$ cat final24.pdb   # PDB, C-alpha atoms
ATOM      1  CA  MET A   1       0.506   3.261 -13.449  1.00  0.00           C
ATOM      2  CA  LYS A   2       4.165   2.485 -13.982  1.00  0.00           C
ATOM      3  CA  THR A   3       5.920   0.542 -11.258  1.00  0.00           C
ATOM      4  CA  VAL A   4       9.509  -0.396 -10.741  1.00  0.00           C
ATOM      5  CA  LYS A   5       8.808  -3.681  -8.999  1.00  0.00           C
ATOM      6  CA  VAL A   6       5.811  -5.699  -7.936  1.00  0.00           C
ATOM      7  CA  GLY A   7       6.503  -8.583  -5.603  1.00  0.00           C
ATOM      8  CA  THR A   8       4.299 -10.954  -3.705  1.00  0.00           C
ATOM      9  CA  VAL A   9       5.598 -11.552  -0.211  1.00  0.00           C
ATOM     10  CA  LYS A  10       2.863 -13.970   0.831  1.00  0.00           C
ATOM     11  CA  ASN A  11      -0.298 -15.176  -0.782  1.00  0.00           C
ATOM     12  CA  LYS A  12      -2.057 -17.836   1.314  1.00  0.00           C
ATOM     13  CA  LYS A  13      -5.642 -18.669   2.074  1.00  0.00           C
ATOM     14  CA  ASN A  14      -7.173 -15.621   3.792  1.00  0.00           C
ATOM     15  CA  GLU A  15      -3.835 -13.800   3.645  1.00  0.00           C
ATOM     16  CA  TYR A  16      -2.606 -11.433   0.950  1.00  0.00           C
ATOM     17  CA  ILE A  17       0.500  -9.265   1.186  1.00  0.00           C
ATOM     18  CA  ARG A  18       1.997  -7.386  -1.737  1.00  0.00           C
ATOM     19  CA  VAL A  19       4.458  -4.507  -2.048  1.00  0.00           C
ATOM     20  CA  ILE A  20       4.402  -2.243  -5.085  1.00  0.00           C
ATOM     21  CA  GLU A  21       7.366   0.080  -5.628  1.00  0.00           C
ATOM     22  CA  PHE A  22       7.106   3.321  -7.578  1.00  0.00           C
ATOM     23  CA  GLU A  23       9.685   5.373  -9.466  1.00  0.00           C
ATOM     24  CA  ASN A  24       9.373   8.255  -6.957  1.00  0.00           C
ATOM     25  CA  GLY A  25      10.976   6.135  -4.222  1.00  0.00           C
ATOM     26  CA  TYR A  26       7.751   5.319  -2.421  1.00  0.00           C
ATOM     27  CA  SER A  27       6.083   1.955  -2.238  1.00  0.00           C
ATOM     28  CA  ALA A  28       2.728   0.657  -1.117  1.00  0.00           C
ATOM     29  CA  SER A  29       2.078  -2.244   1.214  1.00  0.00           C
ATOM     30  CA  ILE A  30      -1.252  -3.898   0.430  1.00  0.00           C
ATOM     31  CA  ILE A  31      -2.453  -6.454   2.948  1.00  0.00           C
ATOM     32  CA  SER A  32      -5.554  -8.425   3.750  1.00  0.00           C
ATOM     33  CA  HIS A  33      -5.752 -10.978   6.546  1.00  0.00           C
ATOM     34  CA  ASP A  34      -7.852 -11.661   9.606  1.00  0.00           C
ATOM     35  CA  PHE A  35      -6.099  -8.946  11.646  1.00  0.00           C
ATOM     36  CA  SER A  36      -5.774  -6.154   9.052  1.00  0.00           C
ATOM     37  CA  TYR A  37      -8.272  -3.293   8.911  1.00  0.00           C
ATOM     38  CA  GLY A  38     -11.192  -4.837   6.997  1.00  0.00           C
ATOM     39  CA  GLY A  39      -9.381  -8.079   6.227  1.00  0.00           C
ATOM     40  CA  ASP A  40     -11.944 -10.213   7.996  1.00  0.00           C
ATOM     41  CA  GLN A  41     -14.487  -8.798   5.495  1.00  0.00           C
ATOM     42  CA  GLY A  42     -12.303  -9.477   2.440  1.00  0.00           C
ATOM     43  CA  LEU A  43     -11.156  -5.854   2.220  1.00  0.00           C
ATOM     44  CA  PHE A  44      -7.637  -4.389   2.065  1.00  0.00           C
ATOM     45  CA  GLU A  45      -5.348  -2.163   4.114  1.00  0.00           C
ATOM     46  CA  VAL A  46      -2.715   0.031   2.431  1.00  0.00           C
ATOM     47  CA  GLY A  47       0.368   1.634   3.950  1.00  0.00           C
ATOM     48  CA  VAL A  48       2.808   4.100   2.416  1.00  0.00           C
ATOM     49  CA  LEU A  49       6.471   3.086   2.608  1.00  0.00           C
ATOM     50  CA  HIS A  50       9.740   4.805   1.833  1.00  0.00           C
ATOM     51  CA  ASP A  51      12.958   2.783   1.830  1.00  0.00           C
ATOM     52  CA  GLY A  52      10.889  -0.155   3.072  1.00  0.00           C
ATOM     53  CA  ILE A  53       9.690   1.649   6.206  1.00  0.00           C
ATOM     54  CA  LEU A  54       6.125   2.781   6.869  1.00  0.00           C
ATOM     55  CA  VAL A  55       5.892   6.577   6.779  1.00  0.00           C
ATOM     56  CA  TYR A  56       3.141   8.613   8.344  1.00  0.00           C
ATOM     57  CA  ASP A  57       3.891  12.104   7.050  1.00  0.00           C
ATOM     58  CA  THR A  58       2.648  12.133   3.458  1.00  0.00           C
ATOM     59  CA  PRO A  59      -0.312  13.986   1.965  1.00  0.00           C
ATOM     60  CA  VAL A  60      -1.801  10.560   1.190  1.00  0.00           C
ATOM     61  CA  THR A  61      -2.245   9.511   4.821  1.00  0.00           C
ATOM     62  CA  LYS A  62      -0.978   9.946   8.354  1.00  0.00           C
ATOM     63  CA  HIS A  63      -1.705   6.269   9.112  1.00  0.00           C
ATOM     64  CA  THR A  64      -2.507   3.102   7.224  1.00  0.00           C
ATOM     65  CA  ILE A  65      -5.806   3.100   5.309  1.00  0.00           C
ATOM     66  CA  GLY A  66      -8.141   0.180   5.843  1.00  0.00           C
ATOM     67  CA  TRP A  67     -11.485  -1.175   4.711  1.00  0.00           C
ATOM     68  CA  LEU A  68     -10.646  -0.624   1.023  1.00  0.00           C
ATOM     69  CA  ASP A  69     -12.144  -2.453  -1.940  1.00  0.00           C
ATOM     70  CA  PHE A  70     -10.256  -2.824  -5.244  1.00  0.00           C
ATOM     71  CA  ALA A  71     -11.284   0.647  -6.438  1.00  0.00           C
ATOM     72  CA  GLY A  72     -10.160   2.186  -3.159  1.00  0.00           C
ATOM     73  CA  VAL A  73      -6.784   0.461  -3.376  1.00  0.00           C
ATOM     74  CA  ALA A  74      -6.333   1.651  -6.971  1.00  0.00           C
ATOM     75  CA  ALA A  75      -7.105   5.251  -5.967  1.00  0.00           C
ATOM     76  CA  ILE A  76      -4.573   5.166  -3.113  1.00  0.00           C
ATOM     77  CA  LEU A  77      -1.920   3.628  -5.383  1.00  0.00           C
ATOM     78  CA  LYS A  78      -2.420   6.457  -7.870  1.00  0.00           C
ATOM     79  CA  ASP A  79      -2.040   9.015  -5.052  1.00  0.00           C
ATOM     80  CA  ILE A  80       1.191   7.371  -3.876  1.00  0.00           C
ATOM     81  CA  GLU A  81       2.560   7.213  -7.408  1.00  0.00           C
ATOM     82  CA  GLU A  82       1.936  10.957  -7.810  1.00  0.00           C
ATOM     83  CA  LEU A  83       3.817  11.956  -4.646  1.00  0.00           C
ATOM     84  CA  PRO A  84       6.923  14.053  -5.290  1.00  0.00           C
ATOM     85  CA  VAL A  85      10.314  12.452  -4.701  1.00  0.00           C
ATOM     86  CA  ARG A  86      11.071  12.480  -0.976  1.00  0.00           C
ATOM     87  CA  LYS A  87      13.979  14.662   0.091  1.00  0.00           C
ATOM     88  CA  ALA A  88      16.547  13.173   2.446  1.00  0.00           C
TER
END

$ encode --input "final24.pdb" --output "structure tokens"
Amino acid sequence: MKTVKVGTVKNKKNEYIRVIEFENGYSASIISHDFSYGGDQGLFEVGVLHDGILVYDTPVTKHTIGWLDFAGVAAILKDIEELPVRKA
């Protein structure tokens, strides 16, 4: 998986937020905290972003995806990376 940029926004006790940007113009928001889907169980929630804004119209998902373990996050990241470049 080749990324343009990986940046940690926050990484505190019981809170994890990371954004991974891909060459196709999409990025993934990966979060885990007490109020994210599955965060209270140590699981992750992933959202698809374009230009820093959550988008809900991709083949990957029409919403955020929660209750993911590491393997689930990796699978979603691969799907996002393989999306075609978004047309304006």

$ closest_residue --input "final24.pdb" --among "A:Asp69, A:Ile53, A:Arg18, A:Thr61" --to "A:Gly39" --atoms "all atoms listed in the file"
A:Asp69

$ closest_residue --input "final24.pdb" --among "A:Phe35, A:Thr64, A:Tyr56, A:Leu77" --to "A:Ile20" --atoms "only C-alpha atoms"
A:Leu77

$ atom_distance --input "final24.pdb" --atom1 "atom CA of A:Phe44" --atom2 "atom CA of A:Lys87"
28.9 Å

$ axis_aligned_box --input "final24.pdb" --around "stretch 69-81 of chain A" --padding-each-side "6 Å" --output "AutoDock Vina command-line options"
--center_x -4.8 --center_y 3.1 --center_z -4.9 --size_x 26.7 --size_y 23.8 --size_z 17.9

$ resolve_selection --input "final24.pdb" --expression "the PyMOL selection byres ((chain A and resi 84) around 10)" --output "list in words"
Asn24, Gly25, Tyr26, Thr58, Ile80, Glu81, Glu82, Leu83, Val85, Arg86 and Lys87 of chain A

$ closest_residue --input "final24.pdb" --among "A:Asp51, A:Asp34, A:Asp57, A:Glu45" --to "A:Glu21" --atoms "only C-alpha atoms"
A:Asp51

$ atom_distance --input "final24.pdb" --atom1 "atom CA of A:Ala75" --atom2 "atom CA of A:Asn14"
23.0 Å

$ resolve_selection --input "final24.pdb" --expression "the PyMOL selection byres ((chain A and resi 28-30) around 6)" --output "list in words"
Ile17, Arg18, Val19, Ile20, Ser27, Ile31, Glu45, Val46, Gly47, Val48 and Leu49 of chain A

$ write_last_selection --input "final24.pdb" --atoms "C-alpha atoms" --output "PDB file, in the frame of the given file"
ATOM      1  CA  ILE A  17       0.500  -9.265   1.186  1.00  0.00           C
ATOM      2  CA  ARG A  18       1.997  -7.386  -1.737  1.00  0.00           C
ATOM      3  CA  VAL A  19       4.458  -4.507  -2.048  1.00  0.00           C
ATOM      4  CA  ILE A  20       4.402  -2.243  -5.085  1.00  0.00           C
ATOM      5  CA  SER A  27       6.083   1.955  -2.238  1.00  0.00           C
ATOM      6  CA  ILE A  31      -2.453  -6.454   2.948  1.00  0.00           C
ATOM      7  CA  GLU A  45      -5.348  -2.163   4.114  1.00  0.00           C
ATOM      8  CA  VAL A  46      -2.715   0.031   2.431  1.00  0.00           C
ATOM      9  CA  GLY A  47       0.368   1.634   3.950  1.00  0.00           C
ATOM     10  CA  VAL A  48       2.808   4.100   2.416  1.00  0.00           C
ATOM     11  CA  LEU A  49       6.471   3.086   2.608  1.00  0.00           C
TER      12      LEU A  49
END

$ residues_around --input "final24.pdb" --residues "A:Gly38" --least-positions-apart "3" --cutoff "7 Å" --atoms "all atoms listed in the file" --output "list in words"
Gln41, Gly42, Leu43, Phe44, Gly66 and Trp67 of chain A

$ closest_residue --input "final24.pdb" --among "A:Lys78, A:His33, A:His50, A:His63" --to "A:Tyr16" --atoms "all atoms listed in the file"
A:His33

$ atom_distance --input "final24.pdb" --atom1 "atom CA of A:Val60" --atom2 "atom CA of A:Glu15"
24.6 Å

$ build_atoms --input "final24.pdb" --residues "stretch 63-79 of chain A" --atoms "N, CA and C atoms" --output "PDB file, in the frame of the given file"
ATOM      1  N   HIS A  63      -1.569   7.585   8.499  1.00  0.00           N
ATOM      2  CA  HIS A  63      -1.705   6.269   9.112  1.00  0.00           C
ATOM      3  C   HIS A  63      -1.878   5.272   7.976  1.00  0.00           C
ATOM      4  N   THR A  64      -2.116   4.030   8.276  1.00  0.00           N
ATOM      5  CA  THR A  64      -2.507   3.102   7.224  1.00  0.00           C
ATOM      6  C   THR A  64      -3.990   3.333   6.911  1.00  0.00           C
ATOM      7  N   ILE A  65      -4.420   2.902   5.729  1.00  0.00           N
ATOM      8  CA  ILE A  65      -5.806   3.100   5.309  1.00  0.00           C
ATOM      9  C   ILE A  65      -6.445   1.735   5.139  1.00  0.00           C
ATOM     10  N   GLY A  66      -7.501   1.480   5.887  1.00  0.00           N
ATOM     11  CA  GLY A  66      -8.141   0.180   5.843  1.00  0.00           C
ATOM     12  C   GLY A  66      -9.518   0.204   5.236  1.00  0.00           C
ATOM     13  N   TRP A  67     -10.133  -0.973   5.205  1.00  0.00           N
ATOM     14  CA  TRP A  67     -11.485  -1.175   4.711  1.00  0.00           C
ATOM     15  C   TRP A  67     -11.637  -0.722   3.259  1.00  0.00           C
ATOM     16  N   LEU A  68     -10.632  -1.032   2.429  1.00  0.00           N
ATOM     17  CA  LEU A  68     -10.646  -0.624   1.023  1.00  0.00           C
ATOM     18  C   LEU A  68     -11.042  -1.779   0.117  1.00  0.00           C
ATOM     19  N   ASP A  69     -11.876  -1.486  -0.881  1.00  0.00           N
ATOM     20  CA  ASP A  69     -12.144  -2.453  -1.940  1.00  0.00           C
ATOM     21  C   ASP A  69     -11.105  -2.229  -3.047  1.00  0.00           C
ATOM     22  N   PHE A  70     -11.244  -2.949  -4.169  1.00  0.00           N
ATOM     23  CA  PHE A  70     -10.256  -2.824  -5.244  1.00  0.00           C
ATOM     24  C   PHE A  70     -10.158  -1.391  -5.766  1.00  0.00           C
ATOM     25  N   ALA A  71     -11.291  -0.730  -5.937  1.00  0.00           N
ATOM     26  CA  ALA A  71     -11.284   0.647  -6.438  1.00  0.00           C
ATOM     27  C   ALA A  71     -10.590   1.580  -5.457  1.00  0.00           C
ATOM     28  N   GLY A  72     -10.820   1.372  -4.173  1.00  0.00           N
ATOM     29  CA  GLY A  72     -10.160   2.186  -3.159  1.00  0.00           C
ATOM     30  C   GLY A  72      -8.655   1.989  -3.154  1.00  0.00           C
ATOM     31  N   VAL A  73      -8.221   0.746  -3.296  1.00  0.00           N
ATOM     32  CA  VAL A  73      -6.784   0.461  -3.376  1.00  0.00           C
ATOM     33  C   VAL A  73      -6.188   1.145  -4.598  1.00  0.00           C
ATOM     34  N   ALA A  74      -6.839   1.037  -5.740  1.00  0.00           N
ATOM     35  CA  ALA A  74      -6.333   1.651  -6.971  1.00  0.00           C
ATOM     36  C   ALA A  74      -6.198   3.163  -6.821  1.00  0.00           C
ATOM     37  N   ALA A  75      -7.162   3.801  -6.171  1.00  0.00           N
ATOM     38  CA  ALA A  75      -7.105   5.251  -5.967  1.00  0.00           C
ATOM     39  C   ALA A  75      -5.921   5.640  -5.079  1.00  0.00           C
ATOM     40  N   ILE A  76      -5.698   4.881  -4.013  1.00  0.00           N
ATOM     41  CA  ILE A  76      -4.573   5.166  -3.113  1.00  0.00           C
ATOM     42  C   ILE A  76      -3.245   4.943  -3.836  1.00  0.00           C
ATOM     43  N   LEU A  77      -3.155   3.884  -4.638  1.00  0.00           N
ATOM     44  CA  LEU A  77      -1.920   3.628  -5.383  1.00  0.00           C
ATOM     45  C   LEU A  77      -1.609   4.782  -6.324  1.00  0.00           C
ATOM     46  N   LYS A  78      -2.622   5.307  -6.971  1.00  0.00           N
ATOM     47  CA  LYS A  78      -2.420   6.457  -7.870  1.00  0.00           C
ATOM     48  C   LYS A  78      -1.910   7.659  -7.083  1.00  0.00           C
ATOM     49  N   ASP A  79      -2.489   7.904  -5.894  1.00  0.00           N
ATOM     50  CA  ASP A  79      -2.040   9.015  -5.052  1.00  0.00           C
ATOM     51  C   ASP A  79      -0.583   8.837  -4.632  1.00  0.00           C
TER      52      ASP A  79
END
